[in-house]
$ cat input-v9.csv   # CSV, C-alpha atoms
chain,number,residue,atom,x,y,z
K,1,MET,CA,-3.3,7.4,15.1
K,2,SER,CA,-4.2,4.0,13.8
K,3,GLY,CA,-5.6,3.9,10.3
K,4,GLN,CA,-8.0,1.4,8.7
K,5,GLN,CA,-6.5,-1.8,7.4
K,6,ILE,CA,-5.5,-1.5,3.7
K,7,GLU,CA,-8.2,-4.0,2.6
K,8,ILE,CA,-10.9,-1.9,4.3
K,9,ILE,CA,-9.5,1.2,2.6
K,10,LEU,CA,-9.7,-0.6,-0.7
K,11,ALA,CA,-13.2,-1.9,0.0
K,12,ARG,CA,-14.3,1.7,0.5
K,13,GLN,CA,-12.6,2.7,-2.7
K,14,LEU,CA,-14.5,-0.1,-4.5
K,15,ALA,CA,-17.8,0.9,-2.8
K,16,ASP,CA,-17.2,4.5,-4.0
K,17,CYS,CA,-17.1,3.2,-7.6
K,18,LEU,CA,-20.2,1.0,-7.4
K,19,SER,CA,-23.8,1.8,-8.2
K,20,VAL,CA,-24.7,-1.1,-5.9
K,21,PRO,CA,-25.4,-0.3,-2.2
K,22,VAL,CA,-22.4,-1.3,0.0
K,23,PHE,CA,-22.1,-1.2,3.8
K,24,ILE,CA,-18.7,-1.6,5.5
K,25,VAL,CA,-18.0,-2.5,9.2
K,26,GLY,CA,-14.9,-3.0,11.2
K,27,PRO,CA,-13.9,-6.2,13.1
K,28,GLU,CA,-16.1,-5.4,16.1
K,29,GLY,CA,-19.0,-4.6,13.8
K,30,THR,CA,-18.7,-0.8,14.0
K,31,LEU,CA,-20.2,0.8,10.9
K,32,LEU,CA,-17.3,2.5,9.1
K,33,PHE,CA,-18.9,3.6,5.8
K,34,TYR,CA,-21.8,3.2,3.4
K,35,ASN,CA,-21.8,4.5,-0.1
K,36,GLU,CA,-24.2,6.9,-1.9
K,37,PRO,CA,-26.4,4.1,-3.4
K,38,ALA,CA,-26.8,2.8,0.2
K,39,GLU,CA,-27.8,6.2,1.4
K,40,GLN,CA,-30.8,6.2,-1.0
K,41,ILE,CA,-32.1,3.0,0.6
K,42,LEU,CA,-31.2,3.8,4.2
K,43,GLY,CA,-32.6,7.2,4.0
K,44,LYS,CA,-29.7,9.2,5.4
K,45,ARG,CA,-26.3,10.4,4.3
K,46,PHE,CA,-23.3,8.6,5.9
K,47,GLU,CA,-22.0,12.1,6.8
K,48,ASP,CA,-25.1,12.5,9.0
K,49,THR,CA,-25.1,9.1,10.7
K,50,GLY,CA,-21.3,8.7,11.1
K,51,GLU,CA,-19.8,5.7,12.7
K,52,MET,CA,-22.2,3.5,14.7
K,53,LEU,CA,-21.8,0.5,17.0
K,54,VAL,CA,-23.3,-2.8,15.9
K,55,GLY,CA,-26.0,-2.4,18.5
K,56,GLU,CA,-27.2,0.8,17.0
K,57,TRP,CA,-27.2,0.0,13.3
K,58,GLY,CA,-28.6,-3.5,13.9
K,59,GLU,CA,-31.8,-1.8,15.2
K,60,ILE,CA,-32.0,1.7,13.8
K,61,TRP,CA,-33.3,0.5,10.4
K,62,TYR,CA,-35.7,-1.9,12.2
K,63,PRO,CA,-35.1,-5.1,10.3
K,64,HIS,CA,-38.3,-7.2,10.1
K,65,ASP,CA,-40.0,-10.0,8.3
K,66,GLU,CA,-42.9,-9.9,5.9
K,67,ASP,CA,-45.4,-9.7,8.8
K,68,GLY,CA,-43.6,-6.9,10.5
K,69,ASN,CA,-42.0,-9.0,13.2
K,70,ALA,CA,-38.6,-7.7,14.3
K,71,ILE,CA,-35.6,-9.8,13.3
K,72,PRO,CA,-33.0,-10.2,16.1
K,73,ARG,CA,-29.8,-8.6,15.1
K,74,GLU,CA,-27.9,-11.9,15.6
K,75,GLU,CA,-29.9,-13.2,12.6
K,76,LEU,CA,-28.8,-10.4,10.3
K,77,PRO,CA,-26.3,-11.7,7.7
K,78,LEU,CA,-23.7,-9.0,8.4
K,79,VAL,CA,-23.8,-9.6,12.1
K,80,LYS,CA,-23.5,-13.3,11.6
K,81,THR,CA,-20.4,-12.6,9.4
K,82,ILE,CA,-18.9,-10.5,12.1
K,83,TYR,CA,-19.1,-13.3,14.6
K,84,SER,CA,-18.5,-16.3,12.3
K,85,HIS,CA,-16.1,-14.7,9.8
K,86,GLU,CA,-18.2,-16.5,7.1
K,87,PRO,CA,-20.3,-15.2,4.3
K,88,GLY,CA,-24.1,-14.7,4.9
K,89,HIS,CA,-27.2,-14.0,2.9
K,90,LYS,CA,-30.8,-13.1,3.8
K,91,THR,CA,-33.8,-11.4,2.3
K,92,PHE,CA,-35.8,-9.2,4.8
K,93,TRP,CA,-37.4,-5.8,5.2
K,94,ILE,CA,-36.0,-2.6,6.8
K,95,LYS,CA,-37.6,0.7,7.6
K,96,SER,CA,-35.5,3.5,6.0
K,97,LEU,CA,-34.8,6.6,8.2
K,98,ALA,CA,-37.2,8.4,5.8
K,99,GLY,CA,-39.9,6.0,7.2
K,100,LYS,CA,-40.4,3.7,4.1
K,101,SER,CA,-40.5,-0.1,4.5
K,102,ILE,CA,-38.2,-1.7,1.9
K,103,LYS,CA,-37.6,-5.3,1.0
K,104,ILE,CA,-33.9,-6.0,0.6
K,105,SER,CA,-31.6,-8.9,0.0
K,106,VAL,CA,-28.2,-8.7,1.8
K,107,THR,CA,-25.1,-10.6,1.0
K,108,SER,CA,-22.2,-10.2,3.4
K,109,ILE,CA,-18.6,-11.3,3.1
K,110,PRO,CA,-15.8,-11.3,5.6
K,111,VAL,CA,-12.8,-9.0,4.8
K,112,ILE,CA,-9.6,-11.0,5.6
K,113,GLY,CA,-6.5,-9.5,4.2
K,114,ARG,CA,-3.0,-10.8,3.3
K,115,SER,CA,-2.1,-10.7,7.0
K,116,LYS,CA,-4.8,-13.3,7.6
K,117,GLN,CA,-6.4,-11.0,10.2
K,118,PHE,CA,-10.2,-10.4,10.1
K,119,SER,CA,-10.4,-6.7,9.3
K,120,GLY,CA,-14.2,-6.4,9.1
K,121,ALA,CA,-16.9,-7.2,6.7
K,122,MET,CA,-18.8,-5.7,3.8
K,123,ALA,CA,-22.4,-6.2,2.8
K,124,ILE,CA,-23.9,-5.6,-0.6
K,125,PHE,CA,-27.6,-5.1,-0.4
K,126,TRP,CA,-30.3,-4.9,-2.9
K,127,ASP,CA,-33.6,-3.2,-3.0
K,128,ASN,CA,-35.8,-6.0,-4.4
K,129,ASP,CA,-38.3,-3.5,-5.9
K,130,LEU,CA,-35.6,-1.5,-7.6
K,131,LYS,CA,-34.2,-2.1,-11.1
K,132,VAL,CA,-30.7,-0.8,-11.6
Q,133,MET,CA,21.1,7.9,9.2
Q,134,ARG,CA,22.4,8.2,5.6
Q,135,ILE,CA,20.3,7.1,2.7
Q,136,LYS,CA,21.9,6.3,-0.6
Q,137,LEU,CA,19.8,6.3,-3.7
Q,138,HIS,CA,21.2,3.6,-6.0
Q,139,GLY,CA,18.2,3.3,-8.3
Q,140,THR,CA,15.3,5.7,-8.7
Q,141,ARG,CA,13.6,4.6,-11.9
Q,142,GLY,CA,10.3,2.8,-12.2
Q,143,ALA,CA,9.2,0.0,-14.5
Q,144,TYR,CA,12.4,-0.8,-16.4
Q,145,PRO,CA,16.0,0.4,-16.5
Q,146,THR,CA,17.0,2.9,-19.1
Q,147,SER,CA,20.4,3.9,-20.4
Q,148,SER,CA,19.1,6.7,-22.6
Q,149,LYS,CA,21.2,9.9,-22.5
Q,150,GLU,CA,18.0,11.8,-21.9
Q,151,ASN,CA,17.7,10.0,-18.5
Q,152,GLN,CA,21.1,10.4,-17.1
Q,153,LYS,CA,20.4,13.2,-14.6
Q,154,PHE,CA,18.0,11.2,-12.5
Q,155,GLY,CA,19.5,7.9,-13.4
Q,156,GLY,CA,18.4,4.8,-15.3
Q,157,ASN,CA,18.6,2.1,-12.6
Q,158,THR,CA,15.5,0.7,-11.0
Q,159,ALA,CA,14.5,0.9,-7.4
Q,160,CYS,CA,17.1,0.3,-4.7
Q,161,ILE,CA,18.1,2.4,-1.7
Q,162,GLU,CA,20.6,1.8,1.1
Q,163,ILE,CA,20.1,2.9,4.7
Q,164,ILE,CA,23.3,3.3,6.6
Q,165,ASP,CA,24.1,4.1,10.2
Q,166,GLY,CA,27.7,3.6,11.3
Q,167,ASP,CA,28.6,0.1,10.3
Q,168,GLU,CA,25.0,-1.1,9.9
Q,169,ARG,CA,23.2,-1.2,6.6
Q,170,LEU,CA,19.9,-2.2,5.1
Q,171,ILE,CA,19.2,-2.5,1.4
Q,172,LEU,CA,15.6,-1.7,0.4
Q,173,ASP,CA,14.6,-3.3,-3.0
Q,174,ALA,CA,16.8,-5.1,-5.4
Q,175,GLY,CA,16.2,-3.3,-8.8
Q,176,THR,CA,19.2,-2.8,-11.0
Q,177,GLY,CA,20.4,-0.1,-8.6
Q,178,ILE,CA,21.7,-2.8,-6.3
Q,179,LEU,CA,24.4,-3.5,-8.8
Q,180,THR,CA,26.0,-0.2,-8.0
Q,181,ILE,CA,26.6,-1.0,-4.4
Q,182,ASP,CA,30.2,-1.5,-3.6
Q,183,PHE,CA,29.9,-4.7,-1.6
Q,184,ASP,CA,33.7,-5.3,-1.5
Q,185,THR,CA,34.6,-2.0,0.1
Q,186,TYR,CA,31.6,-1.4,2.3
Q,187,TYR,CA,30.4,-4.8,3.4
Q,188,LYS,CA,32.9,-6.2,5.8
Q,189,ALA,CA,30.1,-7.9,7.6
Q,190,ASP,CA,29.2,-11.4,6.6
Q,191,ARG,CA,25.5,-10.7,6.9
Q,192,ILE,CA,23.5,-8.7,4.4
Q,193,ASP,CA,19.8,-7.8,4.7
Q,194,ILE,CA,17.7,-7.0,1.6
Q,195,LEU,CA,14.1,-5.9,2.2
Q,196,LEU,CA,11.8,-6.1,-0.8
Q,197,THR,CA,8.6,-4.0,-1.0
Q,198,HIS,CA,7.2,-6.4,-3.6
Q,199,LEU,CA,8.2,-8.7,-6.4
Q,200,HIS,CA,7.5,-6.6,-9.5
Q,201,MET,CA,10.4,-7.0,-11.8
Q,202,ASP,CA,11.8,-3.5,-11.4
Q,203,HIS,CA,12.3,-4.3,-7.7
Q,204,ILE,CA,14.0,-7.6,-8.0
Q,205,GLN,CA,15.8,-7.7,-11.3
Q,206,GLY,CA,19.2,-6.9,-9.8
Q,207,LEU,CA,19.0,-9.7,-7.3
Q,208,GLY,CA,20.3,-12.4,-9.6
Q,209,PHE,CA,23.5,-10.4,-10.3
Q,210,CYS,CA,24.1,-9.3,-6.7
Q,211,LYS,CA,27.6,-10.3,-5.8
Q,212,PRO,CA,27.1,-11.5,-2.2
Q,213,LEU,CA,24.6,-14.1,-3.4
Q,214,PHE,CA,27.5,-15.9,-5.1
Q,215,ASN,CA,29.9,-15.7,-2.2
Q,216,PRO,CA,29.6,-18.8,0.1
Q,217,GLU,CA,31.0,-16.8,3.0
Q,218,LYS,CA,28.1,-14.4,3.0
Q,219,GLU,CA,24.8,-14.8,4.7
Q,220,VAL,CA,22.1,-13.0,2.8
Q,221,HIS,CA,18.7,-12.5,4.3
Q,222,ILE,CA,15.9,-11.5,1.9
Q,223,TRP,CA,12.7,-10.1,3.5
Q,224,GLY,CA,9.5,-9.6,1.5
Q,225,PRO,CA,5.8,-9.6,1.8
Q,226,GLY,CA,3.8,-12.8,2.5
Q,227,GLY,CA,0.1,-12.8,2.0
Q,228,SER,CA,0.0,-15.0,-1.0
Q,229,PRO,CA,-1.0,-18.7,-1.2
Q,230,ASN,CA,2.6,-19.3,-2.4
Q,231,SER,CA,5.5,-18.7,-0.1
Q,232,LEU,CA,7.8,-15.8,-0.7
Q,233,LYS,CA,10.6,-18.3,-1.5
Q,234,SER,CA,8.5,-20.1,-4.2
Q,235,ARG,CA,7.5,-16.8,-5.7
Q,236,LEU,CA,11.2,-15.6,-5.9
Q,237,ASN,CA,12.0,-19.0,-7.3
Q,238,ARG,CA,9.8,-18.3,-10.3
Q,239,PHE,CA,12.3,-15.6,-11.3
Q,240,LEU,CA,15.5,-17.1,-10.0
Q,241,SER,CA,15.2,-20.4,-12.0
Q,242,PRO,CA,15.3,-21.4,-15.7
Q,243,PRO,CA,14.2,-20.4,-18.2
Q,244,LEU,CA,14.2,-16.8,-16.8
Q,245,PHE,CA,17.5,-17.2,-15.0
Q,246,PRO,CA,20.2,-19.8,-15.4
Q,247,VAL,CA,20.8,-20.6,-11.7
Q,248,MET,CA,18.2,-22.2,-9.4
Q,249,LEU,CA,17.5,-20.3,-6.2
Q,250,ARG,CA,18.5,-23.5,-4.3
Q,251,ASP,CA,21.9,-23.5,-6.0
Q,252,ILE,CA,22.9,-20.0,-5.1
Q,253,PRO,CA,26.1,-20.5,-3.1
Q,254,CYS,CA,25.6,-17.9,-0.3
Q,255,LYS,CA,23.8,-18.9,2.9
Q,256,LEU,CA,20.4,-17.6,1.8
Q,257,VAL,CA,17.6,-17.1,4.2
Q,258,VAL,CA,14.2,-15.9,3.0
Q,259,HIS,CA,11.8,-14.4,5.5
Q,260,GLU,CA,8.2,-13.3,5.0
Q,261,LEU,CA,7.8,-9.9,6.7
Q,262,PRO,CA,6.1,-10.0,10.0
Q,263,ASN,CA,2.9,-8.1,10.7
Q,264,THR,CA,4.4,-6.3,13.7
Q,265,PRO,CA,7.5,-4.1,13.9
Q,266,PHE,CA,10.8,-5.9,14.2
Q,267,ALA,CA,14.5,-5.0,14.7
Q,268,LEU,CA,17.5,-5.6,12.6
Q,269,GLY,CA,20.5,-4.2,14.5
Q,270,LYS,CA,19.9,-0.6,15.2
Q,271,PHE,CA,17.0,-0.4,12.8
Q,272,LEU,CA,13.4,-0.8,13.9
Q,273,ILE,CA,11.3,-1.8,10.9
Q,274,ASN,CA,7.6,-1.5,10.3
Q,275,ALA,CA,6.2,-3.0,7.1
Q,276,GLU,CA,2.6,-2.5,6.2
Q,277,PHE,CA,0.6,-3.5,3.2
Q,278,ILE,CA,-0.3,-0.5,0.9
Q,279,SER,CA,-2.4,0.1,-2.2
Q,280,HIS,CA,-0.5,-1.4,-5.2
Q,281,PRO,CA,-1.3,-4.5,-7.3
Q,282,GLY,CA,-0.2,-7.7,-5.7
Q,283,PRO,CA,1.2,-8.1,-2.1
Q,284,THR,CA,3.1,-4.8,-1.6
Q,285,VAL,CA,4.4,-3.1,1.5
Q,286,GLY,CA,5.9,0.2,2.4
Q,287,PHE,CA,8.6,0.5,5.1
Q,288,ARG,CA,8.9,2.8,8.0
Q,289,ILE,CA,12.4,2.5,9.5
Q,290,GLN,CA,13.4,4.1,12.8
Q,291,CYS,CA,17.0,4.5,14.0
Q,292,GLY,CA,17.5,6.5,17.2
Q,293,SER,CA,15.2,9.5,17.0
Q,294,LYS,CA,14.9,9.6,13.2
Q,295,THR,CA,12.6,7.8,10.9
Q,296,ILE,CA,12.5,7.4,7.1
Q,297,THR,CA,9.5,6.1,5.1
Q,298,TYR,CA,10.0,4.3,1.8
Q,299,ILE,CA,6.9,3.7,-0.4
Q,300,PRO,CA,8.2,3.5,-3.9
Q,301,ASP,CA,5.1,2.1,-5.6
Q,302,HIS,CA,1.8,3.4,-4.3
Q,303,GLU,CA,-1.6,4.6,-5.4
Q,304,PRO,CA,-3.0,6.0,-2.2
Q,305,VAL,CA,-6.3,6.8,-3.7
Q,306,ILE,CA,-7.6,5.2,-6.9
Q,307,CYS,CA,-9.0,7.4,-9.7
Q,308,LYS,CA,-9.5,10.4,-7.5
Q,309,SER,CA,-7.8,13.7,-7.7
Q,310,HIS,CA,-7.4,14.1,-3.9
Q,311,LEU,CA,-7.0,12.0,-0.8
Q,312,TYR,CA,-9.9,11.2,1.4
Q,313,PRO,CA,-10.5,13.9,4.0
Q,314,GLU,CA,-10.2,11.4,6.9
Q,315,ASP,CA,-6.6,10.4,7.7
Q,316,GLU,CA,-7.5,6.9,8.7
Q,317,TRP,CA,-8.8,6.2,5.2
Q,318,ILE,CA,-5.5,7.0,3.5
Q,319,SER,CA,-3.3,4.0,2.5
Q,320,GLY,CA,0.2,4.4,4.0
Q,321,PHE,CA,-0.8,7.2,6.4
Q,322,ASP,CA,0.6,5.5,9.5
Q,323,LEU,CA,3.9,4.7,7.7
Q,324,ALA,CA,4.4,8.3,6.7
Q,325,ASN,CA,3.0,10.1,9.7
Q,326,ASP,CA,5.5,12.6,11.1
Q,327,THR,CA,8.4,10.9,9.3
Q,328,ASP,CA,11.7,12.8,8.8
Q,329,LEU,CA,12.0,11.7,5.2
Q,330,LEU,CA,9.4,10.2,2.8
Q,331,ILE,CA,10.6,8.6,-0.4
Q,332,HIS,CA,7.5,8.2,-2.4
Q,333,ASP,CA,6.2,7.2,-5.8
Q,334,SER,CA,5.4,10.2,-8.0
Q,335,GLN,CA,5.5,8.6,-11.5
Q,336,TYR,CA,2.8,10.7,-13.2
Q,337,SER,CA,1.7,14.2,-13.8
Q,338,SER,CA,-2.0,14.7,-12.7
Q,339,GLU,CA,-3.0,14.7,-16.4
Q,340,GLU,CA,-1.2,11.4,-17.0
Q,341,TYR,CA,-2.8,9.9,-13.9
Q,342,GLU,CA,-6.3,10.5,-15.3
Q,343,LYS,CA,-5.5,7.9,-18.0
Q,344,LYS,CA,-3.6,5.5,-15.7
Q,345,GLY,CA,-5.8,5.2,-12.6
Q,346,GLY,CA,-5.6,1.8,-11.1
Q,347,TRP,CA,-2.1,1.0,-12.5
Q,348,GLY,CA,-0.7,1.2,-9.0
Q,349,HIS,CA,1.2,4.5,-9.1
Q,350,CYS,CA,0.4,8.1,-8.2
Q,351,SER,CA,0.8,11.6,-9.5
Q,352,LEU,CA,3.3,14.1,-8.2
Q,353,ASP,CA,0.3,16.0,-6.8
Q,354,ILE,CA,-0.9,13.2,-4.7
Q,355,ALA,CA,2.6,12.4,-3.4
Q,356,VAL,CA,2.9,16.0,-2.2
Q,357,GLU,CA,-0.6,16.0,-0.7
Q,358,LEU,CA,0.3,12.8,1.2
Q,359,SER,CA,3.4,14.4,2.5
Q,360,GLU,CA,1.5,17.4,3.7
Q,361,ARG,CA,-1.3,15.4,5.3
Q,362,THR,CA,1.3,13.3,7.2
Q,363,ASN,CA,3.4,16.2,8.3
Q,364,THR,CA,6.4,14.8,6.6
Q,365,LYS,CA,9.6,16.9,7.0
Q,366,ARG,CA,11.2,16.2,3.7
Q,367,LEU,CA,9.9,14.5,0.5
Q,368,VAL,CA,11.9,12.8,-2.2
Q,369,LEU,CA,9.9,12.1,-5.4
Q,370,PHE,CA,10.8,8.6,-6.6
Q,371,HIS,CA,10.0,6.0,-9.3
Q,372,HIS,CA,10.5,8.2,-12.3
Q,373,ASP,CA,8.8,7.0,-15.5
Q,374,PRO,CA,11.4,5.7,-17.9
Q,375,THR,CA,9.5,7.3,-20.8
Q,376,HIS,CA,10.0,10.8,-19.3
Q,377,THR,CA,13.2,12.5,-20.3
Q,378,ASP,CA,15.1,14.5,-17.6
Q,379,THR,CA,13.9,17.7,-19.2
Q,380,HIS,CA,10.3,16.6,-19.2
Q,381,ARG,CA,10.5,15.5,-15.5
Q,382,ILE,CA,12.0,18.9,-14.5
Q,383,GLU,CA,9.4,20.8,-16.5
Q,384,MET,CA,6.7,18.7,-14.8
Q,385,PHE,CA,8.1,19.5,-11.4
Q,386,GLU,CA,8.6,23.2,-12.2
Q,387,GLU,CA,5.1,23.5,-13.5
Q,388,PHE,CA,3.8,21.9,-10.3
Q,389,LYS,CA,5.7,24.4,-8.2
Q,390,LYS,CA,4.2,27.3,-10.0
Q,391,THR,CA,0.7,26.4,-8.7
Q,392,HIS,CA,1.6,24.9,-5.3
Q,393,LYS,CA,3.3,26.5,-2.3
Q,394,LEU,CA,5.7,24.0,-0.9
Q,395,ASN,CA,6.0,24.0,2.8
Q,396,ILE,CA,8.8,21.4,3.1
Q,397,PRO,CA,11.9,20.6,1.1
Q,398,ILE,CA,10.8,18.5,-1.9
Q,399,GLU,CA,13.1,17.2,-4.5
Q,400,LEU,CA,13.3,14.7,-7.4
Q,401,ALA,CA,15.3,11.6,-6.5
Q,402,VAL,CA,18.7,11.5,-8.2
Q,403,GLN,CA,20.5,8.2,-8.6
Q,404,GLY,CA,23.8,8.2,-6.8
Q,405,THR,CA,23.0,10.9,-4.2
Q,406,GLU,CA,23.1,10.5,-0.5
Q,407,ILE,CA,20.7,12.1,2.0
Q,408,GLU,CA,21.4,12.7,5.6
Q,409,VAL,CA,18.6,12.4,8.1
$ encode --input "input-v9.csv" --output "structure tokens"
Amino acid sequence: MSGQQIEIILARQLADCLSVPVFIVGPEGTLLFYNEPAEQILGKRFEDTGEMLVGEWGEIWYPHDEDGNAIPREELPLVKTIYSHEPGHKTFWIKSLAGKSIKISVTSIPVIGRSKQFSGAMAIFWDNDLKV
Amino acid sequence: MRIKLHGTRGAYPTSSKENQKFGGNTACIEIIDGDERLILDAGTGILTIDFDTYYKADRIDILLTHLHMDHIQGLGFCKPLFNPEKEVHIWGPGGSPNSLKSRLNRFLSPPLFPVMLRDIPCKLVVHELPNTPFALGKFLINAEFISHPGPTVGFRIQCGSKTITYIPDHEPVICKSHLYPEDEWISGFDLANDTDLLIHDSQYSSEEYEKKGGWGHCSLDIAVELSERTNTKRLVLFHHDPTHTDTHRIEMFEEFKKTHKLNIPIELAVQGTEIEV
């Protein structure tokens, strides 16, 4: 069995401690984990969605602009980070799995550990209408 | 393989008479197979190794899990370093903007130590541990980063059909009372999986850990849970807290055993003992 890289494990442990929504993906973009605050925005528990390929999570929440036009997944900050290994940021709308349209700001960072290998990425996202 | 426990204490050495049973020297173990040996960590335990009698070979390999003082403080007084005939290879974690050699040099140089690293008379070679398994003689070594402050690795060492795992400083899960249910989310899982012998941090009782989460060490309970999850065949509880007397440590372990059914041999590490795997 091959476990997650230590920096991804520690990222999850950090995410578990935060009240800010966090979304963690592996080096190929596979969704590995999102925390409870993220569940409130995305509209589904992680236990119910489980791991998802980038093609699935990049579309399931229907990212769109103010006018309702779909945003191609290549333009999503986390997807950009997966391919560029550089941080990204964008404000856009998603449709939660509960059906609600939510304006969010997403900041994504590459997770590169001490071995210098790209282990994945994590995104912090923010419900713009929510006061924490 | 034989494993000699030269130092089992965490944090700092102690000479208190209340700590004599488990020993006062800080982390150092030796792995022996025939004429071949590896030294893991260079706490004050390294000073009890009889280099004159046992080390006929000119080459000595010392593998460091990390550079916290209790794992390197014996290095400056280690006899082979001062013998020009000896070739000493020190292996340790990279992953820092400063090289391993320059980080070691911070300790092995004035004002902390009278001799500069570059003036040490042996033939000294410093290696940053590779990210992939590598061989030293009969030993196949795998070093992986684990959860502990600063660049820190655990070791899995295979010799023939046997493996031992050494993770002396480890907090597999931070501020939680149990490991994650999914194996792939457990720090150190692959190092310990199905190992014949796991030597693991167990510094605190679960009550103490509640006040010391994030300090980089784990409770006896978590150490045992990790050994069960990884199907370890034998567990040695290591890195005793220097503030715990032997009596307290034994009481802590006995108390734990009253509420837990142990499925494998589990023992408290005793300085000076030898374990056959």
$ interface_residues --input "input-v9.csv" --of "chain K" --to "chain Q" --cutoff "9 Å" --atoms "all atoms listed in the file" --output "list in words"
Met1, Ser2, Gly3, Gln4, Gln5, Ile6, Glu7, Ile8, Ile9, Leu10, Arg12, Gln13, Gly113, Arg114, Ser115 and Lys116 of chain K
$ residues_around --input "input-v9.csv" --residues "range 48-59 of chain K" --least-positions-apart "6" --cutoff "7 Å" --atoms "only C-alpha atoms" --output "tab-separated table (two decimals) with C-alpha atoms, in the frame of the given file"
chain	number	residue	atom	x	y	z
K	29	GLY	CA	-19.00	-4.60	13.80
K	30	THR	CA	-18.70	-0.80	14.00
K	31	LEU	CA	-20.20	0.80	10.90
K	32	LEU	CA	-17.30	2.50	9.10
K	73	ARG	CA	-29.80	-8.60	15.10
$ residues_around --input "input-v9.csv" --residues "Arg288 in chain Q" --least-positions-apart "4" --cutoff "10 Å" --atoms "all atoms listed in the file" --output "count of residues only"
20
$ residues_around --input "input-v9.csv" --residues "Gln205 in chain Q" --least-positions-apart "4" --cutoff "10 Å" --atoms "only C-alpha atoms" --output "ChimeraX atom specification"
/Q:144-145,158-159,173-179,199-201,209-210,239-240
$ write_last_selection --input "input-v9.csv" --atoms "C-alpha atoms" --output "PDB file, in the frame of the given file"
ATOM      1  CA  TYR Q 144      12.400  -0.800 -16.400  1.00  0.00           C
ATOM      2  CA  PRO Q 145      16.000   0.400 -16.500  1.00  0.00           C
ATOM      3  CA  THR Q 158      15.500   0.700 -11.000  1.00  0.00           C
ATOM      4  CA  ALA Q 159      14.500   0.900  -7.400  1.00  0.00           C
ATOM      5  CA  ASP Q 173      14.600  -3.300  -3.000  1.00  0.00           C
ATOM      6  CA  ALA Q 174      16.800  -5.100  -5.400  1.00  0.00           C
ATOM      7  CA  GLY Q 175      16.200  -3.300  -8.800  1.00  0.00           C
ATOM      8  CA  THR Q 176      19.200  -2.800 -11.000  1.00  0.00           C
ATOM      9  CA  GLY Q 177      20.400  -0.100  -8.600  1.00  0.00           C
ATOM     10  CA  ILE Q 178      21.700  -2.800  -6.300  1.00  0.00           C
ATOM     11  CA  LEU Q 179      24.400  -3.500  -8.800  1.00  0.00           C
ATOM     12  CA  LEU Q 199       8.200  -8.700  -6.400  1.00  0.00           C
ATOM     13  CA  HIS Q 200       7.500  -6.600  -9.500  1.00  0.00           C
ATOM     14  CA  MET Q 201      10.400  -7.000 -11.800  1.00  0.00           C
ATOM     15  CA  PHE Q 209      23.500 -10.400 -10.300  1.00  0.00           C
ATOM     16  CA  CYS Q 210      24.100  -9.300  -6.700  1.00  0.00           C
ATOM     17  CA  PHE Q 239      12.300 -15.600 -11.300  1.00  0.00           C
ATOM     18  CA  LEU Q 240      15.500 -17.100 -10.000  1.00  0.00           C
TER      19      LEU Q 240
END
$ atom_distance --input "input-v9.csv" --atom1 "CA of Glu162 in chain Q" --atom2 "CA of Leu137 in chain Q"
6.6 Å
$ atom_distance --input "input-v9.csv" --atom1 "CA of Val22 in chain K" --atom2 "CA of Leu42 in chain K"
11.0 Å
$ atom_distance --input "input-v9.csv" --atom1 "CA of Tyr34 in chain K" --atom2 "CA of Gly345 in chain Q"
22.7 Å
$ closest_residue --input "input-v9.csv" --among "Q:Leu170, Q:Thr377, Q:His310, Q:Lys365" --to "Asp353 in chain Q" --atoms "only C-alpha atoms"
Q:His310
$ closest_residue --input "input-v9.csv" --among "K:Ala121, K:Leu18, K:Ala11, K:Ile24" --to "Pro87 in chain K" --atoms "only C-alpha atoms"
K:Ala121
$ build_atoms --input "input-v9.csv" --residues "range 96-104 of chain K" --atoms "N, CA and C atoms" --output "PDB file, in the coordinates of the input"
ATOM      1  N   SER K  96     -36.531   2.487   6.264  1.00  0.00           N
ATOM      2  CA  SER K  96     -35.500   3.500   6.000  1.00  0.00           C
ATOM      3  C   SER K  96     -35.719   4.652   7.024  1.00  0.00           C
ATOM      4  N   LEU K  97     -34.675   5.460   7.213  1.00  0.00           N
ATOM      5  CA  LEU K  97     -34.800   6.600   8.200  1.00  0.00           C
ATOM      6  C   LEU K  97     -35.766   7.627   7.649  1.00  0.00           C
ATOM      7  N   ALA K  98     -36.160   7.475   6.376  1.00  0.00           N
ATOM      8  CA  ALA K  98     -37.200   8.400   5.800  1.00  0.00           C
ATOM      9  C   ALA K  98     -38.589   7.767   6.097  1.00  0.00           C
ATOM     10  N   GLY K  99     -38.632   6.574   6.746  1.00  0.00           N
ATOM     11  CA  GLY K  99     -39.900   6.000   7.200  1.00  0.00           C
ATOM     12  C   GLY K  99     -40.499   4.963   6.226  1.00  0.00           C
ATOM     13  N   LYS K 100     -39.812   4.658   5.134  1.00  0.00           N
ATOM     14  CA  LYS K 100     -40.400   3.700   4.100  1.00  0.00           C
ATOM     15  C   LYS K 100     -39.921   2.305   4.419  1.00  0.00           C
ATOM     16  N   SER K 101     -40.841   1.321   4.299  1.00  0.00           N
ATOM     17  CA  SER K 101     -40.500  -0.100   4.500  1.00  0.00           C
ATOM     18  C   SER K 101     -39.989  -0.634   3.120  1.00  0.00           C
ATOM     19  N   ILE K 102     -38.815  -1.248   3.136  1.00  0.00           N
ATOM     20  CA  ILE K 102     -38.200  -1.700   1.900  1.00  0.00           C
ATOM     21  C   ILE K 102     -37.749  -3.146   2.027  1.00  0.00           C
ATOM     22  N   LYS K 103     -38.066  -3.949   1.007  1.00  0.00           N
ATOM     23  CA  LYS K 103     -37.600  -5.300   1.000  1.00  0.00           C
ATOM     24  C   LYS K 103     -36.200  -5.380   0.394  1.00  0.00           C
ATOM     25  N   ILE K 104     -35.248  -5.909   1.163  1.00  0.00           N
ATOM     26  CA  ILE K 104     -33.900  -6.000   0.600  1.00  0.00           C
ATOM     27  C   ILE K 104     -33.286  -7.367   0.774  1.00  0.00           C
TER      28      ILE K 104
END
